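Read the structure below first, then the notes.
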Amino acid sequence: MSRAVSRFRRPLTSLAGAALLAPLALTGAPPASAADRYTVTALEFTVRAGDRTCTVDADLYRPDGVDARHPAPAVLATNGFGGSKSDGSTDAIGKAFAERGYVSLVYSGLGFGKSGCLITLDDPAIDGRAASGLVDFLGGTRAADDGTKADFVTADAPGDPVVGMIGGSYGGAIQLATASADHRVDALVPLITWNDLAYSLAPNATGAALGVSSGTAGVFKWQWTNGFYLMGEGQPLLVPSLDPSRFGSLTCLHFAADACDIIRLLNSGSYPAAATAKMLAYARSVSPASYLSGVTAPTLLVQGQADSLFNLNEATATYRTLKAQGTTAKMIWQSWGHSGGQVAGELDLGTGNLETSYVGQRILAWFDRYLHHEEDTATGPEFAYYRDYASGYGTAAAVPALSRTMYLSGDGALVDSRSEVTRGSRQYTNWLLPSSHSESSLAGLIGLPDPAPYDIKGTHLGWTSAPLTAPLDVVGAPRATLRVVSPKAERVQNSGDAADKLVLFTKVYDVAPDGTQKLVNRLVAPVRVPDVTRPFTVELPGIVHRYEKGHKLRFVIAASDSAYFGNRGIKPVTVVSAPQDTGVLELPVAG
């Protein structure tokens with residue numbers, strides 16, 4: 001199969017959409033000067049993946065004119081969760097890179113499409129090893145099952161091809177998994193992916209020992225998690241196949257057994273110590289948080305602000321780890337993520353605006369520098385963030401530090417100094433059913449309306465600031481330091497089951513002069529309090545938001561949230577305030 005395309009030296013990124021389950025297709029046409037052509041060849045590779053051997057289904061896109069005498073750099077990519085090499089986003093990678101003169105190899109990830117084996121959540125020892133075998137092919141040291149060999153990829157050394165990886169979400173984590181063990185990979189562009197699956201699926205916004213990873217079991221994100229589980233288990237039905245490598249057991253049809261154990265434990269609502277420790281250990285073993293020390297390839301991290309699945313804190317944790325160990329890394333916070341957020345002018349590969357969008361230009365420069373080895377190519381600032389309240393992107397040398405402090409007063413005010421704090425105490429009580437709502441996580445994916453966020457009276461506490469006298473630009477993750485009193489929670493918190501610990505949710509609303517309030521990107525910080533007798537610090541999800549002049553900030557502690565599992569049993573909570581002993585909210589303010 002061949003078609004007329006343009007041929008540039010620059011690549012195009014893989015994921016245009018906001019949702020992992022339903023990524024947007026890249027359908028933009030190449031520039032009008034298209035004159036050259038490329039061919040697409042279907043290939044299969046037999047790989048060893050854990051305890052089984054299976055076939056990986058791939059497509060090789062080779063631009064006309066690229067041969068052993070005229071080699072080109074390569075791009076390797078795979079699908080997001082639930083996709084395949086043939087879905088709109090993944091297929092678009094091959095087309096787009098071939099249009100720009102790159103050899104492109106796109107494949108269906110293990111357990112997806114027509115590729116065999118179980119879904120192993122981008123395990124570096126399994127999924128990463130399989131991807132490394134495809135790097136062998138690009139390096140000319142391995143043939144496809146039909147004998148096809150690649151002798152037309154630029155090489156840094158014999159068997160070491162010049163190859164970059166790009167893709168989103170599930171197709172983002174595989175890049176880090178592959179590069180952690182195979183240092184032949186030259187450049188990475190992971191979009192909207194995770195740092196620690198334990199945090200992604202059951203986040204605990206307090207007690208982080210490293211990055212986003214907490215030692216206490218988090219609060220189950222039941223909507224997102226079960227949606228992916230059902231899609232994964234349904235793969236043999238969605239893509240019918242009798243390949244025995246694709247089947248596990250009757251109780252865990254298509255996932256690795258440890259992955260099913262995670263789902264069962266989280267859905268049970270009971271988290272005994274031994275089982276919980278095993279769950280956390282496995283989730284982290286298949287997460288970048290556990291293997292970033294092996295990643296040396298220059299990495300451009302792109303994360304979405306509208307993303308309740310993998311929030312900005314995850315990319316920040318990955319970025320800071322890479323920088324601390326000396327790996328070249330830069331980070332961009334774009335508007336869209338798994339929860340939507342696409343806006344005019346932002347990177348939208350469905351319309352082919354790579355060359356005209358800020359993120360697209362940064363991706364082009366990244367590959368010029370690290371695949372074409374153009375050392376004089378500028379790759380942009382260390383940190384950039386989309387602003388819906390200003391023209392274009394803001395840039396900085398680092399994520400802004402916490403620089404504004406506010407205090408929780410006993411009368412429900414959010415004040416600027418301890419001297420303004422009024423003594424007092426207030427109480428809320430949780431219900432057995434959720435009494436607060438942030439989002440219906442899958443609503444946008446299946447086309448259902450989602451009610452505005454709300455909190456029912458008596459099941460939450462709020463502290464509201466005076467009207468702002470000037471705009472306030474918050475860029476980053478707010479932090480709250482709290483102390484609560486809950487005798488019922490205290491009596492059972494050492495039961496040996498983490499589910500007995502107190503659960504609460506913190507968030508910051510923007511309150512307009514007319515009283516309407518906005519929860520930025522519908523993001524909340526779930527907390528399972530490690531010890532209710534001690535103060536604890538909460539890191540809220542990162543945001544980029546301008547609180548306009550005349551608006552108010554409203555900090556809320558809620559008893560529940562409909563997108564998460566909540567408390568086991570009724571646990572009233574009291575918050576006491578005094579000038580020298582009260583809750584504190586810190587904000588990262590830009591400018």
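By order in the structure tokens, chains are A, B, ...; within a chain, residues start at 1; ligands start at 1, following the order shown.
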Taking a cut-off of 12 Å and counting only C-alpha atoms, can you build a table that, for each residue of segment 144-239 of chain A near segment 332-336 of chain A, reports the nearest atom pair and how far apart they are in Å (one decimal), sorted by chain then residue number, as a tab-separated table?
residue	atom	partner	partner_atom	distance
A:Gly168	CA	A:Trp336	CA	11.8
A:Val189	CA	A:Ile332	CA	10.7
A:Pro190	CA	A:Ile332	CA	10.8
A:Leu191	CA	A:Ile332	CA	9.5
A:Ile192	CA	A:Trp336	CA	8.8
> DSSP on the backbone: what in segment 63-267 of chain A comes out alpha helix (DSSP H), as a PyMOL selection string?
Replying inline: chain A and resi 88-99+127-138+170-181+197-201+222-233+235-238+257-267
> Skipping near chain neighbours, those fewer than 5 positions away, what residues fall within 6 Å of segment 560-567 of chain A using only C-alpha atoms, listed as number ranges by chain?
Replying inline: A: 220-222, 434, 436-437, 503
> Which residues, written as JSON, numbers by chain, have at least one atom at most 12 Å from Trp194 of chain A, with only C-alpha atoms counted and residues fewer than 2 positions away on the same chain left out?
Replying inline: {"A": [20, 121, 122, 168, 169, 170, 171, 172, 173, 174, 175, 176, 177, 190, 191, 192, 196, 197, 198, 199, 200, 201, 203, 211, 212, 213, 283, 284, 286, 287, 288, 289, 290, 301, 302, 303, 304, 307, 308, 309, 310, 311, 312, 313, 314, 315, 316, 317, 318, 319, 337, 338]}
Save the residues we just selected, C-alpha atoms, as a compact mmCIF listing (two decimals), in the first residue's frame?
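The result, written out as result02.txt:
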# COMPACT_ATOMS: atom_id res chain seq x y z
CA LEU A 20 -7.38 6.84 26.65
CA LEU A 121 0.30 -3.07 32.22
CA ASP A 122 3.51 -2.02 30.43
CA GLY A 168 0.03 8.74 24.83
CA SER A 169 -1.18 7.16 28.05
CA TYR A 170 -0.58 3.38 27.82
CA GLY A 171 1.54 4.21 24.78
CA GLY A 172 3.42 6.72 26.92
CA ALA A 173 4.44 4.47 29.81
CA ILE A 174 5.79 1.84 27.41
CA GLN A 175 8.41 4.35 26.30
CA LEU A 176 9.80 4.70 29.80
CA ALA A 177 9.58 0.93 30.37
CA PRO A 190 5.39 10.40 26.64
CA LEU A 191 2.01 12.16 26.64
CA ILE A 192 -0.59 12.02 29.46
CA ASP A 196 2.66 5.33 39.85
CA LEU A 197 -0.39 3.19 39.05
CA ALA A 198 -1.04 2.76 42.77
CA TYR A 199 -1.61 6.52 42.93
CA SER A 200 -3.49 6.62 39.61
CA LEU A 201 -6.04 3.95 40.59
CA PRO A 203 -4.59 7.89 45.16
CA GLY A 211 6.95 11.55 44.32
CA VAL A 212 3.23 10.76 44.50
CA SER A 213 3.71 7.37 46.18
CA ALA A 283 1.32 -1.66 40.90
CA ARG A 284 4.59 0.18 41.44
CA VAL A 286 4.90 -1.81 36.50
CA SER A 287 5.14 1.96 37.01
CA PRO A 288 7.86 4.42 36.03
CA ALA A 289 8.24 5.31 39.72
CA SER A 290 10.10 2.03 40.21
CA LEU A 301 6.94 15.03 29.16
CA VAL A 302 3.55 16.35 28.02
CA GLN A 303 0.71 16.13 30.56
CA GLY A 304 -2.88 17.31 30.42
CA ASP A 307 -7.09 14.81 33.52
CA SER A 308 -8.54 13.10 36.57
CA LEU A 309 -6.92 9.77 35.60
CA PHE A 310 -3.25 10.80 35.40
CA ASN A 311 -3.02 14.30 36.85
CA LEU A 312 -0.23 16.86 36.60
CA ASN A 313 1.35 15.65 39.84
CA GLU A 314 2.31 12.38 38.15
CA ALA A 315 4.25 14.07 35.34
CA THR A 316 5.85 16.40 37.88
CA ALA A 317 7.06 13.43 39.95
CA THR A 318 8.55 11.81 36.84
CA TYR A 319 10.13 15.08 35.71
CA GLY A 337 -6.00 15.10 28.99
CA HIS A 338 -8.14 12.04 29.60
> Between atom CA of Gly164 of chain A and atom CA of Thr46 of chain A, what is the spacing in Å?
Replying inline: 22.1 Å
>> Measuring between only C-alpha atoms, which one of A:Pro272, A:Pro298, A:Gly133, A:Pro588 shows the shortest distance to Ala49 of chain A?
In response: A:Gly133
> How would you write, as a ChimeraX atom specification, the set of residues in segment 36-118 of chain A that DSSP gives as strand (DSSP E or B)?
Replying inline: /A:36-49,52-63,72,74-78,103-107
> Counting only C-alpha atoms, what is within 12 Å of Ala256 of chain A, bar same-chain residues fewer than 2 positions away, as a PyMOL selection string?
Replying inline: chain A and resi 49-52+110-111+117-123+126-127+229+232-233+245-249+251-254+258-263+282-283+286
May I have the residues from that selection written out with C-alpha atoms, as a PDB file, in the first residue's frame?
ATOM      1  CA  ALA A  49       6.801 -12.297  27.221  1.00  0.00           C
ATOM      2  CA  GLY A  50       7.065 -13.559  30.775  1.00  0.00           C
ATOM      3  CA  ASP A  51       5.947 -17.161  30.939  1.00  0.00           C
ATOM      4  CA  ARG A  52       4.723 -17.370  27.350  1.00  0.00           C
ATOM      5  CA  LEU A 110       0.709  -7.120  24.084  1.00  0.00           C
ATOM      6  CA  GLY A 111      -2.869  -8.323  24.571  1.00  0.00           C
ATOM      7  CA  CYS A 117      -0.052 -12.540  25.244  1.00  0.00           C
ATOM      8  CA  LEU A 118      -1.767 -11.156  28.333  1.00  0.00           C
ATOM      9  CA  ILE A 119      -2.156  -7.506  29.297  1.00  0.00           C
ATOM     10  CA  THR A 120       0.709  -6.840  31.691  1.00  0.00           C
ATOM     11  CA  LEU A 121       0.305  -3.074  32.216  1.00  0.00           C
ATOM     12  CA  ASP A 122       3.505  -2.016  30.432  1.00  0.00           C
ATOM     13  CA  ASP A 123       5.677  -4.188  32.650  1.00  0.00           C
ATOM     14  CA  ILE A 126       7.547  -8.094  29.611  1.00  0.00           C
ATOM     15  CA  ASP A 127       6.127  -5.240  27.485  1.00  0.00           C
ATOM     16  CA  TYR A 229     -10.720  -3.575  33.594  1.00  0.00           C
ATOM     17  CA  GLY A 232      -9.174  -5.320  29.013  1.00  0.00           C
ATOM     18  CA  GLU A 233     -11.108  -8.443  29.910  1.00  0.00           C
ATOM     19  CA  SER A 245      -1.298 -16.958  24.509  1.00  0.00           C
ATOM     20  CA  ARG A 246      -4.096 -14.371  24.925  1.00  0.00           C
ATOM     21  CA  PHE A 247      -5.937 -16.300  27.635  1.00  0.00           C
ATOM     22  CA  GLY A 248      -5.183 -16.566  31.339  1.00  0.00           C
ATOM     23  CA  SER A 249      -7.724 -18.249  33.583  1.00  0.00           C
ATOM     24  CA  THR A 251     -11.233 -15.773  36.774  1.00  0.00           C
ATOM     25  CA  CYS A 252      -8.696 -13.544  35.023  1.00  0.00           C
ATOM     26  CA  LEU A 253      -9.308 -13.925  31.333  1.00  0.00           C
ATOM     27  CA  HIS A 254      -6.970 -11.480  29.657  1.00  0.00           C
ATOM     28  CA  ASP A 258      -1.487  -9.876  39.632  1.00  0.00           C
ATOM     29  CA  ALA A 259      -3.402  -7.170  37.759  1.00  0.00           C
ATOM     30  CA  CYS A 260      -6.714  -8.936  38.425  1.00  0.00           C
ATOM     31  CA  ASP A 261      -5.742  -9.281  42.088  1.00  0.00           C
ATOM     32  CA  ILE A 262      -5.449  -5.480  42.280  1.00  0.00           C
ATOM     33  CA  ILE A 263      -8.949  -4.985  40.882  1.00  0.00           C
ATOM     34  CA  TYR A 282       2.923  -4.912  42.030  1.00  0.00           C
ATOM     35  CA  ALA A 283       1.319  -1.655  40.903  1.00  0.00           C
ATOM     36  CA  VAL A 286       4.901  -1.811  36.499  1.00  0.00           C
TER      37      VAL A 286
END
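Residues within 9 Å of Leu60 of chain A, counting only C-alpha atoms and excluding same-chain residues fewer than 3 positions away, are Thr39, Val40, Thr41, Ala42, Leu43, Gly94, Val103, Ser104, Leu105, Val106 and Tyr107 of chain A.
For the pair atom CA of Thr78 of chain A and atom CA of Ala130 of chain A, the interatomic distance is 11.5 Å.
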> Looking at only C-alpha atoms, which of A:Gly116, A:Gly82, A:Pro530, A:Pro71 is the one that sits closest to Glu44 of chain A?
Replying inline: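 For Glu44 of chain A, the nearest of the candidates is A:Gly116.
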> What does the distance from atom CA of Ala217 of chain A to atom CA of Ala559 of chain A come to in Å, to one decimal?
Replying inline: 17.4 Å
>> Please determine, counting only C-alpha atoms, which residue among A:Ala277, A:Gly591, A:Ala150, A:Val474 has the shortest atom-to-atom distance to Ala396 of chain A.
In response: A:Gly591
Set out as a tab-separated table a contact list for segment 536-590 of chain A and segment 407-412 of chain A with a cut-off of 12 Å, giving each residue of segment 536-590 of chain A that qualifies its closest atom pair and distance in Å to one decimal, counting only C-alpha atoms, ordered by chain and rising residue number.
residue	atom	partner	partner_atom	distance
A:Leu553	CA	A:Tyr407	CA	11.8
A:Arg554	CA	A:Gly412	CA	9.6
A:Phe555	CA	A:Leu408	CA	8.6
A:Val556	CA	A:Gly412	CA	10.1
A:Ile557	CA	A:Leu408	CA	11.2
A:Thr574	CA	A:Gly410	CA	11.1
A:Val575	CA	A:Gly410	CA	8.3
A:Val576	CA	A:Gly410	CA	6.7
A:Ser577	CA	A:Gly410	CA	4.8
A:Ala578	CA	A:Gly410	CA	7.0
A:Pro579	CA	A:Ser409	CA	7.9
A:Gln580	CA	A:Tyr407	CA	10.2
A:Asp581	CA	A:Leu408	CA	9.6
A:Thr582	CA	A:Leu408	CA	6.1
A:Gly583	CA	A:Leu408	CA	5.2
A:Val584	CA	A:Tyr407	CA	4.7
A:Leu585	CA	A:Tyr407	CA	6.1
A:Glu586	CA	A:Tyr407	CA	8.8
A:Leu587	CA	A:Tyr407	CA	11.5
> Skipping near chain neighbours, those fewer than 6 positions away, what residues fall within 12 Å of Ala306 of chain A using only C-alpha atoms, listed as a PyMOL selection string?
Replying inline: chain A and resi 17-19+192+312+333-343+386+388+439+441+444+519-523+541-545
